[in-house]
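Asks: final.txt is the file, holding compact mmCIF, N, CA and C atoms:
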# COMPACT_ATOMS: atom_id res chain seq x y z
N MET A 1 20.08 15.43 -3.07
CA MET A 1 20.15 13.99 -3.19
C MET A 1 18.77 13.35 -3.08
N LYS A 2 17.92 13.83 -2.17
CA LYS A 2 16.59 13.26 -2.02
C LYS A 2 15.75 13.49 -3.27
N ILE A 3 15.94 14.64 -3.93
CA ILE A 3 15.19 14.93 -5.15
C ILE A 3 15.59 13.96 -6.25
N THR A 4 16.86 13.65 -6.35
CA THR A 4 17.34 12.69 -7.34
C THR A 4 16.75 11.31 -7.09
N LYS A 5 16.74 10.89 -5.83
CA LYS A 5 16.17 9.59 -5.49
C LYS A 5 14.68 9.54 -5.79
N ALA A 6 13.97 10.61 -5.48
CA ALA A 6 12.53 10.67 -5.77
C ALA A 6 12.30 10.63 -7.27
N PHE A 7 13.11 11.35 -8.02
CA PHE A 7 12.98 11.35 -9.48
C PHE A 7 13.19 9.95 -10.05
N ILE A 8 14.21 9.25 -9.57
CA ILE A 8 14.49 7.90 -10.05
C ILE A 8 13.32 6.97 -9.75
N LEU A 9 12.78 7.05 -8.55
CA LEU A 9 11.63 6.22 -8.18
C LEU A 9 10.43 6.53 -9.06
N LEU A 10 10.11 7.81 -9.21
CA LEU A 10 8.96 8.21 -10.03
C LEU A 10 9.17 7.85 -11.51
N ALA A 11 10.39 8.00 -11.98
CA ALA A 11 10.69 7.67 -13.38
C ALA A 11 10.46 6.19 -13.65
N HIS A 12 10.84 5.34 -12.71
CA HIS A 12 10.59 3.91 -12.88
C HIS A 12 9.09 3.62 -12.95
N GLY A 13 8.33 4.24 -12.06
CA GLY A 13 6.88 4.06 -12.11
C GLY A 13 6.30 4.56 -13.43
N PHE A 14 6.82 5.69 -13.92
CA PHE A 14 6.32 6.24 -15.18
C PHE A 14 6.65 5.34 -16.36
N VAL A 15 7.82 4.72 -16.35
CA VAL A 15 8.17 3.78 -17.42
C VAL A 15 7.17 2.63 -17.45
N GLY A 16 6.84 2.10 -16.28
CA GLY A 16 5.84 1.03 -16.22
C GLY A 16 4.50 1.49 -16.75
N TRP A 17 4.08 2.71 -16.36
CA TRP A 17 2.81 3.25 -16.85
C TRP A 17 2.86 3.43 -18.37
N ALA A 18 3.96 3.94 -18.90
CA ALA A 18 4.10 4.16 -20.34
C ALA A 18 4.01 2.85 -21.11
N LEU A 19 4.60 1.79 -20.58
CA LEU A 19 4.49 0.48 -21.23
C LEU A 19 3.05 0.00 -21.23
N CYS A 20 2.34 0.22 -20.13
CA CYS A 20 0.92 -0.16 -20.07
C CYS A 20 0.09 0.68 -21.05
N ALA A 21 0.37 1.98 -21.10
CA ALA A 21 -0.37 2.85 -22.02
C ALA A 21 -0.12 2.44 -23.46
N ALA A 22 1.13 2.11 -23.79
CA ALA A 22 1.45 1.66 -25.15
C ALA A 22 0.73 0.35 -25.46
N THR A 23 0.66 -0.54 -24.49
CA THR A 23 -0.05 -1.80 -24.68
C THR A 23 -1.52 -1.56 -25.00
N MET A 24 -2.14 -0.66 -24.23
CA MET A 24 -3.55 -0.34 -24.49
C MET A 24 -3.72 0.35 -25.84
N GLY A 25 -2.86 1.30 -26.15
CA GLY A 25 -2.96 2.01 -27.42
C GLY A 25 -2.82 1.10 -28.61
N ILE A 26 -1.79 0.27 -28.59
CA ILE A 26 -1.57 -0.68 -29.68
C ILE A 26 -2.68 -1.72 -29.70
N GLY A 27 -3.02 -2.23 -28.53
CA GLY A 27 -4.05 -3.26 -28.45
C GLY A 27 -5.39 -2.80 -29.00
N MET A 28 -5.77 -1.57 -28.67
CA MET A 28 -7.07 -1.06 -29.16
C MET A 28 -7.03 -0.79 -30.66
N SER A 29 -5.85 -0.58 -31.23
CA SER A 29 -5.78 -0.33 -32.67
C SER A 29 -5.75 -1.61 -33.49
N ILE A 30 -5.40 -2.75 -32.86
CA ILE A 30 -5.29 -3.98 -33.65
C ILE A 30 -6.27 -5.07 -33.24
N THR A 31 -6.99 -4.87 -32.14
CA THR A 31 -7.94 -5.89 -31.71
C THR A 31 -9.13 -5.22 -31.02
N THR A 32 -9.99 -6.00 -30.45
CA THR A 32 -11.16 -5.44 -29.77
C THR A 32 -10.75 -4.84 -28.42
N LEU A 33 -11.59 -4.01 -27.88
CA LEU A 33 -11.33 -3.42 -26.57
C LEU A 33 -11.18 -4.49 -25.51
N ASN A 34 -12.06 -5.48 -25.52
CA ASN A 34 -11.99 -6.55 -24.51
C ASN A 34 -10.67 -7.31 -24.60
N ASN A 35 -10.22 -7.63 -25.81
CA ASN A 35 -8.95 -8.33 -25.97
C ASN A 35 -7.79 -7.45 -25.51
N ALA A 36 -7.86 -6.16 -25.81
CA ALA A 36 -6.82 -5.23 -25.37
C ALA A 36 -6.76 -5.18 -23.84
N LEU A 37 -7.91 -5.18 -23.20
CA LEU A 37 -7.96 -5.16 -21.73
C LEU A 37 -7.37 -6.44 -21.13
N ILE A 38 -7.64 -7.56 -21.76
CA ILE A 38 -7.08 -8.83 -21.28
C ILE A 38 -5.56 -8.84 -21.44
N ILE A 39 -5.09 -8.41 -22.60
CA ILE A 39 -3.65 -8.34 -22.85
C ILE A 39 -2.99 -7.39 -21.84
N HIS A 40 -3.63 -6.25 -21.60
CA HIS A 40 -3.11 -5.28 -20.64
C HIS A 40 -3.06 -5.86 -19.22
N ALA A 41 -4.09 -6.58 -18.83
CA ALA A 41 -4.13 -7.18 -17.49
C ALA A 41 -3.03 -8.23 -17.32
N ILE A 42 -2.65 -8.89 -18.40
CA ILE A 42 -1.56 -9.86 -18.35
C ILE A 42 -0.20 -9.15 -18.38
N ALA A 43 -0.10 -8.13 -19.23
CA ALA A 43 1.18 -7.45 -19.43
C ALA A 43 1.57 -6.54 -18.27
N ALA A 44 0.60 -5.89 -17.63
CA ALA A 44 0.90 -4.91 -16.58
C ALA A 44 1.78 -5.48 -15.46
N PRO A 45 1.43 -6.63 -14.88
CA PRO A 45 2.31 -7.14 -13.82
C PRO A 45 3.67 -7.60 -14.34
N ILE A 46 3.73 -8.03 -15.60
CA ILE A 46 5.02 -8.41 -16.19
C ILE A 46 5.90 -7.17 -16.33
N PHE A 47 5.31 -6.10 -16.86
CA PHE A 47 6.06 -4.84 -17.00
C PHE A 47 6.58 -4.36 -15.65
N PHE A 48 5.69 -4.35 -14.67
CA PHE A 48 6.08 -3.82 -13.37
C PHE A 48 7.02 -4.76 -12.60
N THR A 49 6.98 -6.04 -12.88
CA THR A 49 7.98 -6.93 -12.30
C THR A 49 9.35 -6.59 -12.87
N CYS A 50 9.42 -6.37 -14.17
CA CYS A 50 10.69 -6.01 -14.81
C CYS A 50 11.19 -4.66 -14.31
N VAL A 51 10.31 -3.67 -14.26
CA VAL A 51 10.69 -2.34 -13.78
C VAL A 51 11.14 -2.44 -12.32
N SER A 52 10.43 -3.20 -11.52
CA SER A 52 10.78 -3.37 -10.11
C SER A 52 12.11 -4.08 -9.93
N LEU A 53 12.37 -5.07 -10.76
CA LEU A 53 13.67 -5.75 -10.69
C LEU A 53 14.81 -4.76 -10.92
N VAL A 54 14.66 -3.92 -11.92
CA VAL A 54 15.69 -2.91 -12.20
C VAL A 54 15.80 -1.96 -11.01
N TYR A 55 14.67 -1.45 -10.54
CA TYR A 55 14.70 -0.49 -9.44
C TYR A 55 15.32 -1.08 -8.17
N PHE A 56 14.86 -2.25 -7.76
CA PHE A 56 15.34 -2.82 -6.50
C PHE A 56 16.78 -3.33 -6.60
N ARG A 57 17.19 -3.79 -7.75
CA ARG A 57 18.57 -4.27 -7.88
C ARG A 57 19.56 -3.13 -8.01
N ARG A 58 19.15 -2.06 -8.65
CA ARG A 58 20.10 -0.97 -8.91
C ARG A 58 20.02 0.16 -7.89
N PHE A 59 18.81 0.48 -7.43
CA PHE A 59 18.64 1.65 -6.57
C PHE A 59 18.17 1.28 -5.16
N ASN A 60 17.00 0.68 -5.05
CA ASN A 60 16.51 0.15 -3.78
C ASN A 60 16.43 1.21 -2.67
N TYR A 61 15.94 2.40 -3.03
CA TYR A 61 15.86 3.50 -2.06
C TYR A 61 14.71 3.34 -1.06
N THR A 62 13.67 2.64 -1.45
CA THR A 62 12.47 2.54 -0.62
C THR A 62 12.10 1.08 -0.41
N PRO A 63 11.44 0.78 0.72
CA PRO A 63 11.00 -0.60 0.95
C PRO A 63 9.87 -0.99 -0.02
N PRO A 64 9.63 -2.29 -0.18
CA PRO A 64 8.66 -2.76 -1.15
C PRO A 64 7.25 -2.15 -1.01
N LEU A 65 6.76 -2.01 0.21
CA LEU A 65 5.40 -1.47 0.39
C LEU A 65 5.33 -0.01 -0.08
N ILE A 66 6.33 0.77 0.25
CA ILE A 66 6.35 2.17 -0.18
C ILE A 66 6.50 2.25 -1.70
N THR A 67 7.38 1.44 -2.25
CA THR A 67 7.60 1.44 -3.70
C THR A 67 6.32 1.06 -4.43
N ALA A 68 5.67 0.00 -3.99
CA ALA A 68 4.42 -0.43 -4.63
C ALA A 68 3.36 0.66 -4.54
N SER A 69 3.29 1.33 -3.40
CA SER A 69 2.31 2.42 -3.22
C SER A 69 2.61 3.60 -4.15
N ILE A 70 3.89 3.93 -4.27
CA ILE A 70 4.26 5.04 -5.15
C ILE A 70 4.05 4.66 -6.61
N PHE A 71 4.43 3.46 -7.00
CA PHE A 71 4.22 3.03 -8.38
C PHE A 71 2.73 3.06 -8.73
N ILE A 72 1.88 2.61 -7.84
CA ILE A 72 0.45 2.60 -8.16
C ILE A 72 -0.09 4.02 -8.21
N ALA A 73 0.43 4.91 -7.38
CA ALA A 73 0.04 6.32 -7.46
C ALA A 73 0.47 6.94 -8.78
N VAL A 74 1.67 6.57 -9.23
CA VAL A 74 2.16 7.07 -10.52
C VAL A 74 1.29 6.56 -11.66
N VAL A 75 0.74 5.38 -11.53
CA VAL A 75 -0.15 4.83 -12.55
C VAL A 75 -1.53 5.49 -12.49
N ILE A 76 -2.07 5.65 -11.31
CA ILE A 76 -3.42 6.20 -11.16
C ILE A 76 -3.48 7.66 -11.59
N ASP A 77 -2.47 8.45 -11.26
CA ASP A 77 -2.51 9.88 -11.61
C ASP A 77 -2.68 10.14 -13.10
N PRO A 78 -1.81 9.61 -13.98
CA PRO A 78 -2.04 9.87 -15.41
C PRO A 78 -3.29 9.18 -15.95
N ASP A 79 -3.65 8.03 -15.38
CA ASP A 79 -4.91 7.40 -15.80
C ASP A 79 -6.08 8.33 -15.51
N PHE A 80 -6.07 8.97 -14.36
CA PHE A 80 -7.16 9.86 -13.98
C PHE A 80 -7.11 11.17 -14.77
N PHE A 81 -5.96 11.86 -14.70
CA PHE A 81 -5.87 13.21 -15.27
C PHE A 81 -5.68 13.24 -16.78
N VAL A 82 -4.97 12.28 -17.34
CA VAL A 82 -4.72 12.30 -18.78
C VAL A 82 -5.72 11.42 -19.53
N VAL A 83 -5.77 10.14 -19.17
CA VAL A 83 -6.61 9.21 -19.92
C VAL A 83 -8.09 9.50 -19.70
N ALA A 84 -8.53 9.52 -18.46
CA ALA A 84 -9.96 9.71 -18.19
C ALA A 84 -10.42 11.13 -18.52
N MET A 85 -9.72 12.13 -18.00
CA MET A 85 -10.19 13.51 -18.15
C MET A 85 -9.95 14.08 -19.55
N LEU A 86 -8.78 13.88 -20.11
CA LEU A 86 -8.44 14.51 -21.38
C LEU A 86 -8.75 13.66 -22.60
N ILE A 87 -8.37 12.39 -22.56
CA ILE A 87 -8.54 11.54 -23.74
C ILE A 87 -9.96 11.00 -23.83
N ASN A 88 -10.42 10.31 -22.80
CA ASN A 88 -11.76 9.70 -22.83
C ASN A 88 -12.87 10.69 -22.51
N ARG A 89 -12.54 11.73 -21.76
CA ARG A 89 -13.52 12.71 -21.28
C ARG A 89 -14.67 12.01 -20.54
N SER A 90 -14.27 10.98 -19.80
CA SER A 90 -15.23 10.19 -19.04
C SER A 90 -14.45 9.39 -17.99
N PHE A 91 -15.12 9.12 -16.88
CA PHE A 91 -14.50 8.31 -15.83
C PHE A 91 -15.03 6.88 -15.86
N ASP A 92 -15.68 6.48 -16.97
CA ASP A 92 -16.22 5.14 -17.10
C ASP A 92 -15.15 4.05 -16.95
N MET A 93 -13.93 4.36 -17.32
CA MET A 93 -12.88 3.34 -17.23
C MET A 93 -12.69 2.83 -15.80
N PHE A 94 -13.03 3.68 -14.82
CA PHE A 94 -12.87 3.29 -13.42
C PHE A 94 -14.00 2.38 -12.93
N SER A 95 -14.98 2.14 -13.78
CA SER A 95 -16.04 1.19 -13.42
C SER A 95 -15.72 -0.22 -13.94
N SER A 96 -14.61 -0.36 -14.65
CA SER A 96 -14.22 -1.64 -15.23
C SER A 96 -13.22 -2.36 -14.34
N PHE A 97 -13.61 -3.51 -13.84
CA PHE A 97 -12.70 -4.32 -13.03
C PHE A 97 -11.52 -4.79 -13.88
N LEU A 98 -11.80 -5.34 -15.06
CA LEU A 98 -10.75 -5.85 -15.94
C LEU A 98 -9.85 -4.73 -16.46
N GLY A 99 -10.44 -3.59 -16.75
CA GLY A 99 -9.67 -2.50 -17.37
C GLY A 99 -8.88 -1.65 -16.40
N THR A 100 -9.30 -1.61 -15.14
CA THR A 100 -8.65 -0.69 -14.20
C THR A 100 -8.24 -1.37 -12.89
N TRP A 101 -9.19 -1.90 -12.18
CA TRP A 101 -8.92 -2.37 -10.82
C TRP A 101 -8.06 -3.61 -10.76
N LEU A 102 -8.26 -4.55 -11.68
CA LEU A 102 -7.41 -5.74 -11.71
C LEU A 102 -5.96 -5.37 -12.05
N PRO A 103 -5.72 -4.58 -13.11
CA PRO A 103 -4.33 -4.17 -13.35
C PRO A 103 -3.72 -3.39 -12.18
N PHE A 104 -4.48 -2.51 -11.55
CA PHE A 104 -3.95 -1.79 -10.39
C PHE A 104 -3.50 -2.76 -9.30
N ALA A 105 -4.35 -3.73 -9.00
CA ALA A 105 -4.01 -4.72 -7.96
C ALA A 105 -2.80 -5.55 -8.35
N LEU A 106 -2.73 -5.94 -9.62
CA LEU A 106 -1.61 -6.75 -10.08
C LEU A 106 -0.30 -5.96 -10.12
N ILE A 107 -0.38 -4.69 -10.47
CA ILE A 107 0.81 -3.83 -10.47
C ILE A 107 1.33 -3.68 -9.04
N PHE A 108 0.43 -3.38 -8.12
CA PHE A 108 0.83 -3.23 -6.72
C PHE A 108 1.45 -4.52 -6.20
N THR A 109 0.78 -5.64 -6.44
CA THR A 109 1.22 -6.93 -5.92
C THR A 109 2.55 -7.36 -6.54
N SER A 110 2.69 -7.21 -7.85
CA SER A 110 3.93 -7.63 -8.50
C SER A 110 5.11 -6.79 -8.03
N THR A 111 4.89 -5.50 -7.83
CA THR A 111 5.96 -4.63 -7.32
C THR A 111 6.34 -5.03 -5.91
N PHE A 112 5.35 -5.23 -5.06
CA PHE A 112 5.60 -5.59 -3.66
C PHE A 112 6.34 -6.93 -3.56
N ILE A 113 5.87 -7.93 -4.29
CA ILE A 113 6.49 -9.26 -4.23
C ILE A 113 7.92 -9.21 -4.77
N THR A 114 8.12 -8.51 -5.87
CA THR A 114 9.46 -8.39 -6.44
C THR A 114 10.41 -7.74 -5.45
N GLY A 115 9.99 -6.63 -4.86
CA GLY A 115 10.83 -5.94 -3.88
C GLY A 115 11.12 -6.79 -2.67
N THR A 116 10.12 -7.49 -2.18
CA THR A 116 10.31 -8.37 -1.03
C THR A 116 11.30 -9.49 -1.35
N PHE A 117 11.15 -10.07 -2.53
CA PHE A 117 12.04 -11.15 -2.97
C PHE A 117 13.48 -10.65 -3.09
N ILE A 118 13.69 -9.53 -3.73
CA ILE A 118 15.04 -8.99 -3.92
C ILE A 118 15.65 -8.64 -2.56
N ARG A 119 14.90 -7.97 -1.71
CA ARG A 119 15.44 -7.59 -0.39
C ARG A 119 15.73 -8.81 0.47
N HIS A 120 14.87 -9.82 0.40
CA HIS A 120 15.09 -11.05 1.17
C HIS A 120 16.37 -11.74 0.70
N ASN A 121 16.55 -11.84 -0.61
CA ASN A 121 17.75 -12.49 -1.14
C ASN A 121 19.02 -11.71 -0.79
N ARG A 122 18.94 -10.40 -0.80
CA ARG A 122 20.11 -9.59 -0.43
C ARG A 122 20.46 -9.78 1.04
N SER A 123 19.43 -9.83 1.89
CA SER A 123 19.71 -9.97 3.33
C SER A 123 20.26 -11.34 3.67
N ASN A 124 19.98 -12.35 2.83
CA ASN A 124 20.51 -13.70 3.04
C ASN A 124 21.79 -13.95 2.27
N GLY A 125 22.27 -12.93 1.58
CA GLY A 125 23.52 -13.07 0.83
C GLY A 125 23.38 -13.87 -0.46
N ARG A 126 22.16 -14.09 -0.91
CA ARG A 126 21.94 -14.82 -2.15
C ARG A 126 22.02 -13.89 -3.33
N VAL A 127 22.33 -14.47 -4.45
CA VAL A 127 22.34 -13.70 -5.70
C VAL A 127 20.91 -13.64 -6.19
N SER A 128 20.45 -12.43 -6.53
CA SER A 128 19.08 -12.27 -6.99
C SER A 128 18.98 -12.44 -8.49
N VAL A 129 17.76 -12.51 -8.98
CA VAL A 129 17.47 -12.66 -10.40
C VAL A 129 18.06 -11.49 -11.16
N SER A 130 18.69 -11.77 -12.30
CA SER A 130 19.25 -10.67 -13.11
C SER A 130 18.49 -10.57 -14.42
N ILE A 131 18.52 -9.36 -14.95
CA ILE A 131 17.83 -9.12 -16.23
C ILE A 131 18.88 -8.96 -17.30
Kindly return the structure encoded in the file as structure tokens.
Replies:
Amino acid sequence: MKITKAFILLAHGFVGWALCAATMGIGMSITTLNNALIIHAIAAPIFFTCVSLVYFRRFNYTPPLITASIFIAVVIDPDFFVVAMLINRSFDMFSSFLGTWLPFALIFTSTFITGTFIRHNRSNGRVSVSI
């Protein structure tokens, strides 16, 4: 049972990462790198708010701080091992505030706030936001 719960949590984080990766891939093919980074920085917290809403409303296995930490770890791992090491063959992306650190912070924050909001509403017997 714990393996299933861990898989569900990791899968949600991976879906968020995949949406961000698709945004960057499509963005870089149709616009400039800087515009793609701006679009990604706007889209990342939106994606993770939606993913978090699904996770916290349907599963809610972990508290918001743990979930946000795991989601950001799920994002950093493929960014480091796949994007930086294999695709870019450079770690320069980690020197970009707009390209890396701002989205990381926004992903963490949006996940934490969403989880806190959903848990607070559940504990008060309120109906939470539905998708």
Asks: For Trp17 in chain A, which residue out of A:Phe71, A:Leu53, A:Lys2, A:Thr32 is the nearest one, using only N, CA and C atoms?
Replies: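 So, comparing all the options, the nearest one is A:Phe71.
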Asks: Would you mind telling me which residue in A:Leu33, A:Met93, A:Leu19, A:Ala84 lies nearest to Cys50 in chain A when using only C-alpha atoms?
Replies: A:Leu19
Asks: To one decimal in Å, tell me the separation between CA of Ile8 in chain A and CA of Tyr61 in chain A.
Replies: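 Computing the Euclidean distance for CA of Ile8 in chain A and CA of Tyr61 in chain A yields 9.2 Å.
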Asks: I'd like the interatomic distance between CA of Thr116 in chain A and CA of Phe97 in chain A, to a tenth of an Å.
Replies: 26.3 Å
Asks: Which residues are close to Gly16 in chain A, i.e. within 6.5 Å by only N, CA and C atoms, leaving aside same-chain residues fewer than 4 positions away? Reply as an mmCIF file with N, CA and C atoms, in the frame of the given file.
Replies:
data_model
loop_
_atom_site.group_PDB
_atom_site.id
_atom_site.type_symbol
_atom_site.label_atom_id
_atom_site.label_comp_id
_atom_site.auth_asym_id
_atom_site.auth_seq_id
_atom_site.Cartn_x
_atom_site.Cartn_y
_atom_site.Cartn_z
ATOM 1 N N ALA A 11 10.390 8.000 -11.980
ATOM 2 C CA ALA A 11 10.690 7.670 -13.380
ATOM 3 C C ALA A 11 10.460 6.190 -13.650
ATOM 4 N N HIS A 12 10.840 5.340 -12.710
ATOM 5 C CA HIS A 12 10.590 3.910 -12.880
ATOM 6 C C HIS A 12 9.090 3.620 -12.950
ATOM 7 N N CYS A 20 2.340 0.220 -20.130
ATOM 8 C CA CYS A 20 0.920 -0.160 -20.070
ATOM 9 C C CYS A 20 0.090 0.680 -21.050
ATOM 10 N N ALA A 21 0.370 1.980 -21.100
ATOM 11 C CA ALA A 21 -0.370 2.850 -22.020
ATOM 12 C C ALA A 21 -0.120 2.440 -23.460
ATOM 13 N N PHE A 47 5.310 -6.100 -16.860
ATOM 14 C CA PHE A 47 6.060 -4.840 -17.000
ATOM 15 C C PHE A 47 6.580 -4.360 -15.650
ATOM 16 N N PHE A 48 5.690 -4.350 -14.670
ATOM 17 C CA PHE A 48 6.080 -3.820 -13.370
ATOM 18 C C PHE A 48 7.020 -4.760 -12.600
ATOM 19 N N VAL A 51 10.310 -3.670 -14.260
ATOM 20 C CA VAL A 51 10.690 -2.340 -13.780
ATOM 21 C C VAL A 51 11.140 -2.440 -12.320
#
Asks: I need the residue nearest Thr62 in chain A from this list: A:Val74, A:Ala36, A:Val82, A:Leu9. Use all atoms listed in the file for the distance.
Replies: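 Closest candidate: A:Leu9.
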Asks: Provide the CA of Pro45 in chain A to CA of Ser110 in chain A distance in Å, to one decimal place.
Replies: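 Result for CA of Pro45 in chain A versus CA of Ser110 in chain A: 5.6 Å, one decimal.
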Asks: What's the 6.5 Å shell around Gly115 in chain A, counting all atoms listed in the file, without same-chain residues fewer than 5 positions away, as a PyMOL selection string?
Replies: chain A and resi 52+56+63-64+110+120
Asks: What's the 7 Å shell around Leu98 in chain A, counting only C-alpha atoms, without same-chain residues fewer than 3 positions away, as a PyMOL selection string?
Replies: chain A and resi 37+41+101-102
